[in-house]
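The structure appears below as structure tokens.
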Amino acid sequence: MIEKSLYEHYQIDFDEEMTPGNNDYLFVFNKKRQLYLNEDKKLAESLDDFNVNFCLFIGMYKGMKAFCVNVEGNEAFHDLRQVYEFDHDLYHIAAKAVLVNDWYISHKFCGRCGTPTQLDEKDMMLKCPSCGQNHYPRIAPAIIVAIRKDDELLMAQHSYHDTIRYALIAGFVEPGESIEEAVHREVLEEVGIKIKNLKYMKSQSWPFPNSLMLGFTGEYESGEIKVDGDEIVRAKWFKKDEIERYDSDISISDWLIQDFIDDN
């Protein structure tokens with residue numbers, strides 16, 4: 001996972017009226033949230049050949065203006081997971097841009113009354129001129145936890161994973177609960193055990209589609225593994241040399257697994 005700050009090279013700003021110039025950064029996305037790259041795996045240099053839905057200035061990146069652009073088309077577009085594998089820096093800023101892209105598309109009209117929204121002058125939000133509702137970019141907080149029992153790590157097979165055989169327990173935070181409560185609830189619901197000594201480790205922006213992943217470690221307290229049969233198909237304890245590693249280190253999950261391996 002990327003651990004350096006997004007703001008090392010980026011300063012947030014926004015403007016609907018600004019247009020790109022030479023050498024500005026153009027983060028061009030299609031309807032599948034894929035990023036356009038040319039044959040040299042570089043960003044688009046102009047918008048001349050695109051059918052543009054919108055172009056929004058989103059701040060300064062490496063001293064140049066950056067734009068989030070939504071277009072029609074499917075050719076020469078790349079999934080952000082692919083981008084990560086050959087250019088971490090490009091993925092880092094593109095992950096920001098795609099979340100702005102999603103927000104701008106989703107809130108063109110007020111979800112409360114249906115009126116076309118307007119970009120605020122001070123904050124990155126779309127406001128409704130009719131009912132006054134404010135629409136900020138949406139981020140869904142989620143937890144992920146590495147559960148230890150002596151020298152073993154609990155990993156589970158998720159029904160929605162096609163390529164990952166076993167992974168850590170994870171889930172979304174529900175309204176009305178704390179982050180810590182979410183961890184305990186998800187673990188109990190998915191694998192039927194109780195944990196203790198919960199410890200926050202670090203977080204990660206996860207644009208698939210719009211999560212903020214909060215990583216924890218915890219220790220087994222009581223109970224027998226009993227999977228829910230819905231999200232979790234099976235679960236078991238692994239020693240470090242039994243763990244099947246992921247193909248990519250893009251996620252905080254891989255970082256938590258490596259942290260367990262380093263400690264054992």
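Going by the structure tokens order, chains are called A, B, ..., each with residues numbered from 1, while ligands are numbered from 1 in the order shown.
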Selection near A:Ile2, 8 Å with only C-alpha atoms, sequence-local residues under 2 positions removed, as a VMD selection string = chain A and resid 4 88 92 250
task = Do a neighbour search on stretch 45-49 of chain A at 10 Å with only C-alpha atoms, toss out local chain neighbours closer than 4 positions, and write the hits as a list in words.
result =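 Using only C-alpha atoms, the neighbours found are Pro20, Gly21, Asn22, Asn23, Asp24, Tyr25, Leu26, Phe27, Val28, Leu37, Asn38, Cys55, Val69 and Val71 of chain A.
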task = Just the helix (DSSP H, G or I) stuff from stretch 34-239 of chain A, please, per backbone DSSP, written as a ChimeraX atom specification.
result = /A:80-86,88-106,179-191
query = Taking into account only C-alpha atoms, which residue in the set A:Ser5, A:Thr19, A:Asn30, A:Gln82 is nearest to A:Gln204?
reply = A:Ser5
ask   = Which one is closest to A:Asp102: A:Met155, A:Lys127, A:Arg185, A:Lys31? Count only C-alpha atoms.
value =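 For A:Asp102, the nearest of the candidates is A:Lys31.
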message = As an exercise, work out the distance from atom CA of A:Ser159 to atom CA of A:Ile143 in Å and give it to one decimal place.
response =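 Between atom CA of A:Ser159 and atom CA of A:Ile143 the gap works out to 17.8 Å.
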query = Can you list, as a PyMOL selection string, every protein, DNA or RNA residue that comes within 10 Å of A:Asp123 when you count only C-alpha atoms, leaving out same-chain residues fewer than 6 positions away?
reply = chain A and resi 13-14+136
task = Write out as a list in words each polymer residue whose atoms come within 12 Å of A:Pro116, counting only C-alpha atoms; drop sequence neighbours fewer than 6 positions from it.
result =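 Close residues of A:Pro116: Tyr104, Ile105, Ser106, His107, Lys108, Phe109, Cys110, Leu126, Lys127, Cys128, Pro129, Ser130, Cys131, Gly132, Gln133 and His135 of chain A.
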Go ahead and write the residues just picked, N, CA, C and O atoms, as a PDB file, in the first residue's frame.
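Resulting contents of result27.pdb:
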ATOM      1  N   TYR A 104     -19.234  14.207  -8.457  1.00  0.00           N
ATOM      2  CA  TYR A 104     -19.771  15.224  -9.368  1.00  0.00           C
ATOM      3  C   TYR A 104     -20.880  14.651 -10.243  1.00  0.00           C
ATOM      4  O   TYR A 104     -21.870  15.333 -10.539  1.00  0.00           O
ATOM      5  N   ILE A 105     -20.724  13.394 -10.642  1.00  0.00           N
ATOM      6  CA  ILE A 105     -21.757  12.732 -11.437  1.00  0.00           C
ATOM      7  C   ILE A 105     -23.005  12.468 -10.596  1.00  0.00           C
ATOM      8  O   ILE A 105     -24.137  12.725 -11.020  1.00  0.00           O
ATOM      9  N   SER A 106     -22.792  11.950  -9.389  1.00  0.00           N
ATOM     10  CA  SER A 106     -23.902  11.479  -8.558  1.00  0.00           C
ATOM     11  C   SER A 106     -24.762  12.592  -7.992  1.00  0.00           C
ATOM     12  O   SER A 106     -25.918  12.351  -7.619  1.00  0.00           O
ATOM     13  N   HIS A 107     -24.210  13.806  -7.896  1.00  0.00           N
ATOM     14  CA  HIS A 107     -24.959  14.886  -7.243  1.00  0.00           C
ATOM     15  C   HIS A 107     -25.204  16.086  -8.165  1.00  0.00           C
ATOM     16  O   HIS A 107     -25.315  17.218  -7.697  1.00  0.00           O
ATOM     17  N   LYS A 108     -25.314  15.816  -9.456  1.00  0.00           N
ATOM     18  CA  LYS A 108     -25.670  16.885 -10.398  1.00  0.00           C
ATOM     19  C   LYS A 108     -27.059  17.421 -10.093  1.00  0.00           C
ATOM     20  O   LYS A 108     -27.373  18.580 -10.363  1.00  0.00           O
ATOM     21  N   PHE A 109     -27.893  16.544  -9.537  1.00  0.00           N
ATOM     22  CA  PHE A 109     -29.236  16.931  -9.121  1.00  0.00           C
ATOM     23  C   PHE A 109     -29.406  16.609  -7.642  1.00  0.00           C
ATOM     24  O   PHE A 109     -28.876  15.618  -7.145  1.00  0.00           O
ATOM     25  N   CYS A 110     -30.145  17.435  -6.958  1.00  0.00           N
ATOM     26  CA  CYS A 110     -30.351  17.253  -5.521  1.00  0.00           C
ATOM     27  C   CYS A 110     -31.115  15.958  -5.260  1.00  0.00           C
ATOM     28  O   CYS A 110     -32.183  15.720  -5.850  1.00  0.00           O
ATOM     29  N   LEU A 126     -21.593  20.354  -3.600  1.00  0.00           N
ATOM     30  CA  LEU A 126     -22.636  20.792  -4.505  1.00  0.00           C
ATOM     31  C   LEU A 126     -23.861  21.118  -3.656  1.00  0.00           C
ATOM     32  O   LEU A 126     -24.323  20.289  -2.878  1.00  0.00           O
ATOM     33  N   LYS A 127     -24.373  22.337  -3.800  1.00  0.00           N
ATOM     34  CA  LYS A 127     -25.488  22.782  -2.972  1.00  0.00           C
ATOM     35  C   LYS A 127     -26.745  22.932  -3.829  1.00  0.00           C
ATOM     36  O   LYS A 127     -26.684  23.211  -5.025  1.00  0.00           O
ATOM     37  N   CYS A 128     -27.874  22.727  -3.182  1.00  0.00           N
ATOM     38  CA  CYS A 128     -29.152  22.858  -3.867  1.00  0.00           C
ATOM     39  C   CYS A 128     -29.690  24.278  -3.669  1.00  0.00           C
ATOM     40  O   CYS A 128     -29.903  24.695  -2.526  1.00  0.00           O
ATOM     41  N   PRO A 129     -29.920  25.015  -4.748  1.00  0.00           N
ATOM     42  CA  PRO A 129     -30.428  26.388  -4.610  1.00  0.00           C
ATOM     43  C   PRO A 129     -31.894  26.438  -4.198  1.00  0.00           C
ATOM     44  O   PRO A 129     -32.403  27.505  -3.845  1.00  0.00           O
ATOM     45  N   SER A 130     -32.570  25.279  -4.236  1.00  0.00           N
ATOM     46  CA  SER A 130     -33.992  25.258  -3.909  1.00  0.00           C
ATOM     47  C   SER A 130     -34.248  24.900  -2.444  1.00  0.00           C
ATOM     48  O   SER A 130     -34.816  25.688  -1.697  1.00  0.00           O
ATOM     49  N   CYS A 131     -33.787  23.736  -2.022  1.00  0.00           N
ATOM     50  CA  CYS A 131     -34.082  23.296  -0.651  1.00  0.00           C
ATOM     51  C   CYS A 131     -32.917  23.499   0.308  1.00  0.00           C
ATOM     52  O   CYS A 131     -33.060  23.295   1.520  1.00  0.00           O
ATOM     53  N   GLY A 132     -31.735  23.875  -0.206  1.00  0.00           N
ATOM     54  CA  GLY A 132     -30.597  24.154   0.651  1.00  0.00           C
ATOM     55  C   GLY A 132     -29.774  22.948   1.049  1.00  0.00           C
ATOM     56  O   GLY A 132     -28.815  23.073   1.823  1.00  0.00           O
ATOM     57  N   GLN A 133     -30.112  21.776   0.538  1.00  0.00           N
ATOM     58  CA  GLN A 133     -29.346  20.565   0.877  1.00  0.00           C
ATOM     59  C   GLN A 133     -27.917  20.676   0.334  1.00  0.00           C
ATOM     60  O   GLN A 133     -27.708  21.099  -0.809  1.00  0.00           O
ATOM     61  N   HIS A 135     -24.373  18.681  -0.660  1.00  0.00           N
ATOM     62  CA  HIS A 135     -23.949  17.345  -1.089  1.00  0.00           C
ATOM     63  C   HIS A 135     -22.421  17.304  -1.163  1.00  0.00           C
ATOM     64  O   HIS A 135     -21.820  17.779  -2.128  1.00  0.00           O
TER      65      HIS A 135
END
Show me a table, sorted first by chain and then by increasing residue number, of the residues of stretch 93-169 of chain A having an atom at most 9 Å from stretch 58-66 of chain A, each with its shortest atom pair and the distance in Å to one decimal, counting only C-alpha atoms and written as JSON lines.
{"residue": "A:Ile93", "atom": "CA", "partner": "A:Tyr61", "partner_atom": "CA", "distance": 8.3}
{"residue": "A:Ala97", "atom": "CA", "partner": "A:Ile58", "partner_atom": "CA", "distance": 7.6}
{"residue": "A:Val100", "atom": "CA", "partner": "A:Ile58", "partner_atom": "CA", "distance": 8.0}
inquiry  = What's the separation between atom CA of A:Tyr166 and atom CA of A:Tyr220, in Å to one decimal place?
reply    =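 About the pair atom CA of A:Tyr166 and atom CA of A:Tyr220: they are 18.2 Å apart.
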Non-local contacts of A:Gln258 (12 Å; only C-alpha atoms; under 4 positions in same chain excluded) as a list in words =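 My reading of the contact set: Met1, Ala146, Leu153, Lys240, Asp241, Ile243, Glu244, Arg245, Tyr246, Asp249, Ser251, Ile252, Ser253, Asp254, Asp262, Asp263 and Asn264 of chain A.
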request  = Find the distance between atom CA of A:Asp230 and atom CA of A:Tyr200 and write it in Å to one decimal.
outcome  =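 Taking atom CA of A:Asp230 as the start and atom CA of A:Tyr200 as the end point, the length is 27.0 Å.
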ask   = Hey, what does DSSP flag as strand (DSSP E) within stretch 143-192 of chain A? Can you give it to me as a PyMOL selection string?
value = chain A and resi 143-149+152-158+169-172
key: Residues within 6 Å of A:Ile147, only C-alpha atoms, excluding chain neighbours under 2 positions, as a PyMOL selection string   = chain A and resi 153-154+217-219
Write out, as a PDB file, in the first residue's frame, the residues just selected, with C-alpha atoms.
ATOM      1  CA  LEU A 153      -3.714 -15.516  11.883  1.00  0.00           C
ATOM      2  CA  LEU A 154      -7.427 -15.875  11.153  1.00  0.00           C
ATOM      3  CA  THR A 217      -5.192  -5.931  14.921  1.00  0.00           C
ATOM      4  CA  GLY A 218      -6.995  -7.962  17.554  1.00  0.00           C
ATOM      5  CA  GLU A 219      -6.528 -11.101  19.621  1.00  0.00           C
TER       6      GLU A 219
END
task = Compare A:Asp15, A:Met213, A:Gly192, A:Leu35 by their minimum atom-to-atom distance to A:Asp120, counting only C-alpha atoms, and give me the closest one.
result = A:Asp15
query = Which residue out of A:Pro209, A:Leu188, A:Leu99, A:His158 has the minimum interatomic distance to A:Ala142 when only C-alpha atoms are used?
reply =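 Ranking A:Pro209, A:Leu188, A:Leu99, A:His158 by distance to A:Ala142, first place goes to A:Pro209.
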ask   = Which of these, A:Ala156, A:Val145, A:Val173, A:Val227, has the shortest distance to A:Ile195 once you count only C-alpha atoms?
value =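 The shortest atom-to-atom distance to A:Ile195 comes from A:Val145.
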request  = Skip A:Ile225 itself and residues of its chain fewer than 4 positions away, then list as a ChimeraX atom specification all residues within 10 Å of it, counting only C-alpha atoms.
outcome  = /A:154,188,190-194,234-237
